Amino acid sequence: MKIQDLIELVKLLRNKCPWDKNQTLESIKNNVIEESYELVEAIEQDDTAGIKEEIGDFLFLSFFLARIFQEEKNVDLDELVASTIAKYRKKHPHVFKKDELKDQEEVLKFWQQSKQDMFVGISKTLPALLAAKIIQERASKVGFDWASHEGPLEKVVEEIKELSASIGSEKMLEEFGDLLFACVNLARHLKIDPEDALRYANKKFVNRFRKLKTELESRGKKLEDVTLQEMDRIWDEVKHQDEK
């Protein structure tokens with residue numbers, strides 16, 4: 001089987017399957033997001049079979065989108081491929097023109113300096129934590145950054161104080177956003193991916209809450225039958241067990 005076979009499969013399904021025939025760029029856009037997250041999850045779980053399957057789904061979806069784009073906008077697929085190749089050749093002069101870019105940092109710096117506006121291309125549909133990280137990374141490439149993690153840490157403390165002072169006012173949303181942005185900056189300096197950190201925190205909370213529920217049931221109680229204080233006590237017990 002070759003890539004051409006996948007292209008032919010997409011063409012066949014587009015012509016013969018009622019569901020595939022009815023899809024548009026607009027109707028399929030959420031599938032792109034869904035498949036992206038499924039691939040990310042498989043990578044995080046180090047699931048080789050899952051990664052293989054999800055990359056396959058991603059390849060299919062890419063060609064499916066290209067086919068719809070070709071039909072809706074009358075764009076030739078070969079033209080799309082040619083423009084993509086030209087774009088990435090231009091982005092890699094150290095490969096195709098033998099320009100000297102000695103490491104990953106220099107490559108990233110070249111990419112940012114080649115943009116008239118360093119923030120162009122950051123999708124508005126990205127998760128906000130990821131977008132904040134990319135924005136900060138791009139600003140850092142031109143020297144707008146703290147020298148160490150101490151600056152971002154002090155900024156987080158400052159933003160907490162400003163948020164506390166804003167509670168109940170119209171500035172509360174803005175100040176909370178500033179706090180999140182500062183936390184992302186701190187994470188970046190600590191070499192922590194904020195999305196990974198928050199996903200881990202979400203998973204940890206869900207697991208502990210399930211244990212809390214199980215512990216209550218073992219005592220013949222339900223969540224709705226106990227006070228917050230009792231739940232807090234059991235939560236602390238579960239947390240202590242997890243940290244052993």
# chains A, B, ... in the order shown; residues from 1 in each chain; ligands from 1

$ closest_atom_pairs --of "stretch 144-226 of chain A" --to "stretch 233-239 of chain A" --cutoff "8 Å" --atoms "only C-alpha atoms" --output "tab-separated table"
residue	atom	partner	partner_atom	distance
A:Arg208	CA	A:Val238	CA	6.6
A:Phe209	CA	A:Trp235	CA	7.5
A:Lys211	CA	A:Val238	CA	7.0
A:Leu212	CA	A:Trp235	CA	6.0
A:Glu215	CA	A:Ile234	CA	7.8

$ residues_around --residues "stretch 173-187 of chain A" --least-positions-apart "6" --cutoff "7 Å" --atoms "only C-alpha atoms" --output "list in words"
Leu129, Ala132, Lys133, Gln136, His149, Pro152, Leu153, Lys155, Val156, Glu159, Ile160, Glu162, Leu163, Asp193 and Pro194 of chain A

$ residues_around --residues "stretch 83-98 of chain A" --least-positions-apart "2" --cutoff "10 Å" --atoms "only C-alpha atoms" --output "MDAnalysis selection string"
chainID A and resid 77:81 100:102 107:108 110:111 114

$ write_last_selection --atoms "C-alpha atoms" --output "tab-separated table (two decimals), in the first residue's frame"
chain	number	residue	atom	x	y	z
A	77	LEU	CA	-3.72	19.29	-4.85
A	78	ASP	CA	-0.36	19.34	-6.65
A	79	GLU	CA	-0.32	23.13	-6.26
A	80	LEU	CA	-1.01	22.78	-2.55
A	81	VAL	CA	1.84	20.27	-2.16
A	100	GLU	CA	24.93	28.21	9.24
A	101	LEU	CA	22.40	27.69	12.03
A	102	LYS	CA	24.26	25.57	14.53
A	107	VAL	CA	16.76	27.80	14.06
A	108	LEU	CA	13.89	29.05	16.23
A	110	PHE	CA	15.73	32.61	12.57
A	111	TRP	CA	12.08	31.61	12.19
A	114	SER	CA	11.88	36.15	9.48

$ select_by_dssp --residues "stretch 1-240 of chain A" --states "alpha helix (DSSP H)" --output "ChimeraX atom specification"
/A:3-16,18-22,25-44,48-73,77-90,93-96,104-113,128-140,150-166,172-189,194-218,228-240

$ residues_around --residues "A:Ala42" --least-positions-apart "4" --cutoff "12 Å" --atoms "only C-alpha atoms" --output "PyMOL selection string"
chain A and resi 35-38+46-55

$ write_last_selection --atoms "N, CA and C atoms" --output "CSV table (one decimal), in the first residue's frame"
chain,number,residue,atom,x,y,z
A,35,GLU,N,-9.1,14.7,16.6
A,35,GLU,CA,-8.0,13.7,16.2
A,35,GLU,C,-6.7,14.2,16.8
A,36,SER,N,-6.5,15.5,16.9
A,36,SER,CA,-5.2,16.0,17.5
A,36,SER,C,-5.1,15.6,18.9
A,37,TYR,N,-6.2,15.8,19.7
A,37,TYR,CA,-6.1,15.4,21.1
A,37,TYR,C,-6.0,13.9,21.3
A,38,GLU,N,-6.6,13.1,20.4
A,38,GLU,CA,-6.5,11.7,20.5
A,38,GLU,C,-5.0,11.2,20.3
A,46,ASP,N,2.4,6.7,25.8
A,46,ASP,CA,3.4,5.9,25.1
A,46,ASP,C,2.8,4.6,24.6
A,47,ASP,N,1.7,4.8,24.0
A,47,ASP,CA,0.9,3.6,23.4
A,47,ASP,C,1.3,3.5,21.9
A,48,THR,N,2.2,2.6,21.6
A,48,THR,CA,2.7,2.5,20.3
A,48,THR,C,1.6,2.2,19.2
A,49,ALA,N,0.8,1.2,19.6
A,49,ALA,CA,-0.3,0.8,18.7
A,49,ALA,C,-1.3,2.0,18.5
A,50,GLY,N,-1.5,2.7,19.6
A,50,GLY,CA,-2.5,3.9,19.6
A,50,GLY,C,-1.9,5.0,18.8
A,51,ILE,N,-0.6,5.3,18.9
A,51,ILE,CA,0.1,6.3,18.1
A,51,ILE,C,0.0,6.0,16.6
A,52,LYS,N,0.3,4.7,16.3
A,52,LYS,CA,0.2,4.3,14.9
A,52,LYS,C,-1.2,4.5,14.3
A,53,GLU,N,-2.2,4.1,15.1
A,53,GLU,CA,-3.6,4.3,14.6
A,53,GLU,C,-3.9,5.8,14.5
A,54,GLU,N,-3.6,6.6,15.5
A,54,GLU,CA,-4.0,8.0,15.4
A,54,GLU,C,-3.2,8.8,14.3
A,55,ILE,N,-1.9,8.4,14.1
A,55,ILE,CA,-1.2,9.1,13.0
A,55,ILE,C,-1.9,8.7,11.7
